[in-house]
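Novice: This one is start.txt, compact mmCIF, C-alpha atoms.
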# COMPACT_ATOMS: atom_id res chain seq x y z
CA MET P 1 17.18 15.18 -10.30
CA ARG P 2 17.82 12.78 -7.62
CA ARG P 3 18.42 13.65 -6.23
CA ARG P 4 17.19 16.40 -8.07
CA ASN P 5 13.94 17.44 -6.88
CA LEU P 6 12.55 19.66 -9.33
CA ILE P 7 13.37 23.16 -8.15
CA TRP P 8 9.95 24.54 -8.39
CA VAL P 9 8.95 22.73 -5.32
CA VAL P 10 11.60 24.38 -3.30
CA MET P 11 10.59 27.81 -4.46
CA ALA P 12 6.93 27.10 -3.88
CA LEU P 13 7.66 25.68 -0.46
CA ALA P 14 9.65 28.72 0.59
CA LEU P 15 6.77 30.94 -0.47
CA LEU P 16 4.24 28.75 1.29
CA LEU P 17 6.20 28.81 4.53
CA ALA P 18 6.74 32.55 4.34
CA VAL P 19 3.02 33.12 4.01
CA GLY P 20 2.48 30.87 7.00
CA CYS P 21 1.46 27.27 6.47
CA GLN P 22 -0.11 26.66 9.84
CA ASN P 23 -1.77 23.29 9.27
CA ARG P 24 1.12 20.86 9.16
CA THR P 25 -0.57 17.54 9.73
CA GLY P 26 -1.68 14.92 7.25
CA THR P 27 -3.78 16.63 4.66
CA ASP P 28 -1.82 19.83 4.59
CA GLY P 29 1.00 17.62 3.87
CA LYS P 30 3.49 17.64 1.15
CA GLN P 31 5.15 19.70 -1.34
CA THR P 32 7.93 19.78 -3.92
CA SER P 33 8.82 19.23 -8.12
CA ALA P 34 10.48 18.84 -11.74
CA GLU P 35 12.42 18.58 -11.91
CA GLY P 36 10.19 20.19 -9.70
CA GLU P 37 10.18 18.17 -7.84
CA GLU P 38 10.19 16.08 -3.96
CA SER P 39 9.24 19.15 -1.89
CA ASN P 40 7.25 19.72 0.98
CA GLY P 41 4.82 22.30 1.92
CA GLN P 42 3.15 19.42 0.99
CA ALA P 43 5.79 16.99 0.64
CA ILE P 44 9.38 17.78 0.51
CA GLU P 45 9.62 15.91 -2.64
CA LYS P 46 12.28 16.27 -5.11
CA ASP P 47 14.40 19.18 -4.99
CA THR P 48 13.20 20.93 -7.92
CA GLY P 49 16.42 21.27 -9.61
CA THR P 50 17.00 17.88 -10.97
CA GLY P 51 18.96 15.15 -9.53
CA LYS P 52 19.05 13.33 -6.28
CA GLY P 53 20.72 14.95 -3.49
CA GLY P 54 19.03 18.17 -4.35
CA GLN P 55 16.42 17.70 -1.71
CA ASP P 56 18.76 18.47 1.11
CA ASN P 57 18.96 22.03 -0.15
CA ALA P 58 15.21 22.16 -0.36
CA GLY P 59 14.95 21.34 3.31
CA ASP P 60 17.49 23.99 4.19
CA THR P 61 15.64 26.59 2.15
CA ALA P 62 12.35 25.77 3.78
CA GLY P 63 13.82 25.98 7.26
CA SER P 64 15.46 29.32 6.68
CA ASN P 65 12.24 30.85 5.38
CA SER P 66 9.89 29.57 8.05
CA GLN P 67 8.99 31.55 11.13
CA GLU P 68 9.93 28.62 13.29
CA GLU P 69 12.41 25.81 12.73
CA ILE P 70 10.70 22.64 11.56
CA ASP P 71 12.23 19.17 11.66
CA TYR P 72 11.00 17.94 8.29
CA ALA P 73 12.66 14.55 8.58
CA ALA P 74 10.72 13.91 11.79
CA TYR P 75 7.51 15.36 10.37
CA LEU P 76 7.60 13.14 7.29
CA THR P 77 7.64 10.02 9.44
CA THR P 78 4.72 10.98 11.67
CA GLU P 79 1.61 8.80 11.56
CA ASP P 80 -0.51 11.61 10.11
CA TYR P 81 1.84 12.18 7.23
CA SER P 82 3.08 8.65 6.55
CA LYS P 83 -0.36 7.61 5.32
CA TYR P 84 0.47 9.40 2.08
CA TYR P 85 3.43 7.14 1.29
CA ASP P 86 3.44 4.10 -0.92
CA ASP P 87 6.82 2.42 -1.25
CA SER P 88 5.55 -0.46 -3.37
CA PRO P 89 7.15 -0.75 -6.82
CA ASN P 90 5.35 0.09 -10.03
CA THR P 91 3.81 -3.17 -11.26
CA ALA P 92 1.72 -1.64 -14.05
CA GLN P 93 2.40 -3.08 -17.48
CA PRO P 94 2.61 -0.85 -20.58
CA ARG P 95 -0.83 -0.45 -22.12
CA ASP P 96 -3.07 1.89 -24.04
CA TYR P 97 -5.07 4.34 -21.96
CA THR P 98 -8.31 6.20 -22.57
CA GLU P 99 -8.93 9.92 -22.22
CA ASP P 100 -11.57 9.14 -19.61
CA GLU P 101 -8.89 7.77 -17.30
CA LEU P 102 -7.02 11.07 -17.15
CA ALA P 103 -7.56 13.17 -14.04
CA LEU P 104 -5.17 15.88 -15.23
CA ASP P 105 -3.60 16.74 -18.58
CA ILE P 106 -0.66 19.09 -18.04
CA VAL P 107 -0.64 21.31 -21.11
CA GLU P 108 2.01 23.71 -22.35
CA GLU P 109 0.01 26.88 -21.64
CA SER P 110 -0.20 26.16 -17.90
CA TYR P 111 2.70 23.77 -17.43
CA VAL P 112 4.55 25.43 -14.56
CA SER P 113 1.45 26.33 -12.57
CA SER P 114 0.05 22.79 -12.96
CA VAL P 115 3.28 21.16 -11.81
CA ASN P 116 3.54 23.51 -8.84
CA ALA P 117 -0.08 22.88 -7.88
CA ILE P 118 0.64 19.17 -7.64
CA TYR P 119 3.75 19.65 -5.57
CA LEU P 120 1.98 22.04 -3.22
CA ARG P 121 -1.04 19.79 -2.67
CA ALA P 122 0.21 16.37 -3.67
CA GLU P 123 -2.25 14.59 -1.39
CA ASP P 124 -5.07 15.86 -3.60
CA TYR P 125 -3.58 14.15 -6.66
CA LEU P 126 -2.16 10.89 -5.31
CA GLY P 127 -3.55 7.87 -7.11
CA GLN P 128 -4.78 9.95 -10.04
CA MET P 129 -3.66 9.49 -13.64
CA ILE P 130 -1.72 12.41 -15.10
CA ARG P 131 -0.42 13.09 -18.60
CA ILE P 132 2.61 15.26 -19.18
CA GLU P 133 5.02 15.94 -22.04
CA GLY P 134 8.63 17.05 -21.93
CA MET P 135 12.21 15.95 -22.36
CA CYS P 136 13.57 12.73 -20.90
CA LEU P 137 16.40 12.69 -18.41
CA GLY P 138 17.88 9.55 -16.94
CA GLU P 139 20.55 9.50 -14.29
CA ASN P 140 22.30 7.07 -11.99
CA TYR P 141 22.35 7.85 -8.30
CA ASP P 142 23.92 5.50 -5.81
CA GLY P 143 23.76 2.64 -8.28
CA LYS P 144 20.07 3.14 -9.09
CA GLU P 145 18.57 4.58 -12.26
CA TYR P 146 16.07 7.43 -12.09
CA TYR P 147 14.10 8.92 -14.97
CA TYR P 148 12.40 12.29 -15.31
CA VAL P 149 10.12 14.09 -17.73
CA TYR P 150 10.76 17.82 -17.61
CA ARG P 151 10.86 21.22 -19.26
CA ARG P 152 12.82 24.27 -18.29
CA GLY P 153 11.02 26.90 -16.25
CA PRO P 154 11.95 30.49 -15.43
CA GLY P 155 15.37 30.81 -13.85
CA CYS P 156 16.03 31.49 -10.20
CA CYS P 157 18.85 33.49 -8.68
CA SER P 158 20.31 34.49 -12.05
CA SER P 159 20.25 30.92 -13.42
CA ASP P 160 19.22 30.24 -16.98
CA GLY P 161 16.24 28.11 -16.06
CA GLU P 162 15.41 25.21 -13.78
CA LEU P 163 14.07 21.77 -14.53
CA CYS P 164 10.36 21.48 -13.89
CA GLY P 165 8.55 18.14 -14.05
CA PHE P 166 8.36 14.71 -12.45
CA GLU P 167 10.22 11.52 -11.90
CA PHE P 168 8.59 8.50 -13.53
CA THR P 169 8.88 4.72 -13.41
CA TYR P 170 8.02 2.43 -16.30
CA ASN P 171 8.14 -1.28 -17.01
CA GLY P 172 8.70 -0.89 -20.75
CA ASP P 173 11.60 0.36 -22.86
CA MET P 174 12.98 3.61 -21.54
CA PRO P 175 13.58 6.55 -23.91
CA GLU P 176 16.95 8.18 -24.46
CA ASN P 177 18.04 11.37 -22.74
CA GLY P 178 16.80 14.43 -24.57
CA GLU P 179 14.03 12.66 -26.46
CA TRP P 180 10.61 14.33 -26.36
CA ILE P 181 8.20 12.06 -24.52
CA GLU P 182 4.62 11.81 -23.38
CA VAL P 183 4.24 10.14 -19.99
CA VAL P 184 0.92 8.91 -18.62
CA GLY P 185 0.95 7.51 -15.12
CA THR P 186 -0.51 7.45 -11.63
CA LEU P 187 0.96 9.83 -9.07
CA ARG P 188 2.59 8.15 -6.09
CA GLN P 189 4.63 9.48 -3.19
CA TYR P 190 7.34 7.45 -1.52
CA LEU P 191 9.90 7.87 1.22
CA GLU P 192 13.57 7.31 0.48
CA GLY P 193 15.88 7.82 3.39
CA ASP P 194 14.37 10.78 5.24
CA LEU P 195 13.06 12.49 2.11
CA ALA P 196 9.73 12.22 0.31
CA TYR P 197 9.49 12.04 -3.48
CA LEU P 198 6.74 12.13 -6.07
CA THR P 199 6.80 9.81 -9.05
CA LEU P 200 4.49 8.88 -11.89
CA ASP P 201 3.97 5.12 -12.17
CA ALA P 202 3.63 5.13 -15.94
CA VAL P 203 1.44 2.86 -18.02
CA SER P 204 2.47 4.65 -21.23
CA VAL P 205 5.68 6.37 -22.30
CA LYS P 206 5.82 7.44 -25.94
CA VAL P 207 8.59 9.14 -27.86
CA LYS P 208 7.11 11.88 -30.04
CA ALA P 209 8.57 13.35 -33.20
CA GLU P 210 6.87 16.71 -32.69
CA ARG P 211 8.46 18.59 -29.81
CA GLY P 212 6.75 21.15 -27.66
CA ALA P 213 8.33 24.19 -26.00
CA GLU P 214 11.41 23.19 -24.03
CA GLU P 215 11.21 26.39 -22.00
CA VAL P 216 7.97 27.42 -20.32
CA ALA P 217 7.01 30.38 -18.16
CA GLU P 218 3.41 29.78 -17.15
Would you put the structure from the file into structure tokens?
Specialist:
Amino acid sequence: MRRRNLIWVVMALALLLAVGCQNRTGTDGKQTSAEGEESNGQAIEKDTGTGKGGQDNAGDTAGSNSQEEIDYAAYLTTEDYSKYYDDSPNTAQPRDYTEDELALDIVEESYVSSVNAIYLRAEDYLGQMIRIEGMCLGENYDGKEYYYVYRRGPGCCSSDGELCGFEFTYNGDMPENGEWIEVVGTLRQYLEGDLAYLTLDAVSVKVKAERGAEEVAE
């Protein structure tokens, strides 16, 4: 995923640009995700495939679909847009949470649309607590570990399905790749290099015996 941005963001961004995203300052900001992730109609976040490095392709896709060439790297560092970034590390300790704390519960029946909505309007969800279930994926990129919670969404360009979900950080024991997990955390956006990424600063990561649908379409 790292950089795997979850591919849905890229697809959503291309669509957004094709329709004509005229307001490109601050609030109309980012877009991406999950493995959908960094993206940017709102925030070039992860390249929704999965894995770092994927974002570069997201930028290329967005540029080729827009009516005018846009320098996303420059845009992401503008004063209007930079107010959405928080590069501080996750300091939250593992704890129990209450249902009242949840701003959004991403359920199986509307998984893809919920993830895309966040990537397309990330600024509307930053700082809010989100719950999501899916498979765990950990990977090393440039000597740093990254973790994702994802499911597989409808394929693109004859592929068998793309990763759709979010990166997450956690100060407790990390699950193993492929385990089914529930992640509850606060959405944060950060800048790494010249790319923006979304992550969930988790307060709870639980491995669950009962697995949901690994492939989702809605």
Novice: Using only C-alpha atoms, which of P:Val112, P:Ile181, P:Cys164, P:Leu198 sits nearest Leu126 (chain P)?
Specialist: P:Leu198
Novice: How many Å separate CA of Leu102 (chain P) from CA of Val115 (chain P)?
Specialist: 15.4 Å
Novice: May I ask for the distance between CA of Arg151 (chain P) and CA of Val216 (chain P), given in Å to one decimal place?
Specialist: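 A separation of 6.9 Å between them.
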Novice: What is the distance between CA of Leu187 (chain P) and CA of Tyr125 (chain P), in Å to one decimal?
Specialist: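 Computing the Euclidean distance for CA of Leu187 (chain P) and CA of Tyr125 (chain P) yields 6.7 Å.
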Novice: Can you tell me which residues surround Ser204 (chain P) at a distance of at most 8 Å, considering only C-alpha atoms, apart from same-chain residues fewer than 3 positions away, and format the answer as a list in words?
Specialist: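 Everything that qualifies: Pro94, Arg95, Asp96, Tyr97, Tyr170, Glu182, Val183, Val184 and Gly185 of chain P.
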Novice: Nearest residue to Tyr119 (chain P) out of P:Trp180, P:Phe166, P:Tyr141, P:Tyr146, using all atoms listed in the file?
Specialist: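 Distance minimum relative to Tyr119 (chain P) lands on P:Phe166.
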Novice: Using all atoms listed in the file, which of P:Thr199, P:Asp100, P:Lys206, P:Met135 sits nearest Gly172 (chain P)?
Specialist: P:Lys206
Novice: With a distance cut-off of 12 Å and only C-alpha atoms, select the neighbouring residues of Glu108 (chain P), excluding the residue or stretch itself and same-chain residues fewer than 5 positions from it, and output the selection as a count of residues only.
Specialist: 20
Novice: Which residue, P:Met129, P:Leu200, P:Cys136, P:Val205, has the smallest gap to Asn90 (chain P) when you use only C-alpha atoms?
Specialist: P:Leu200
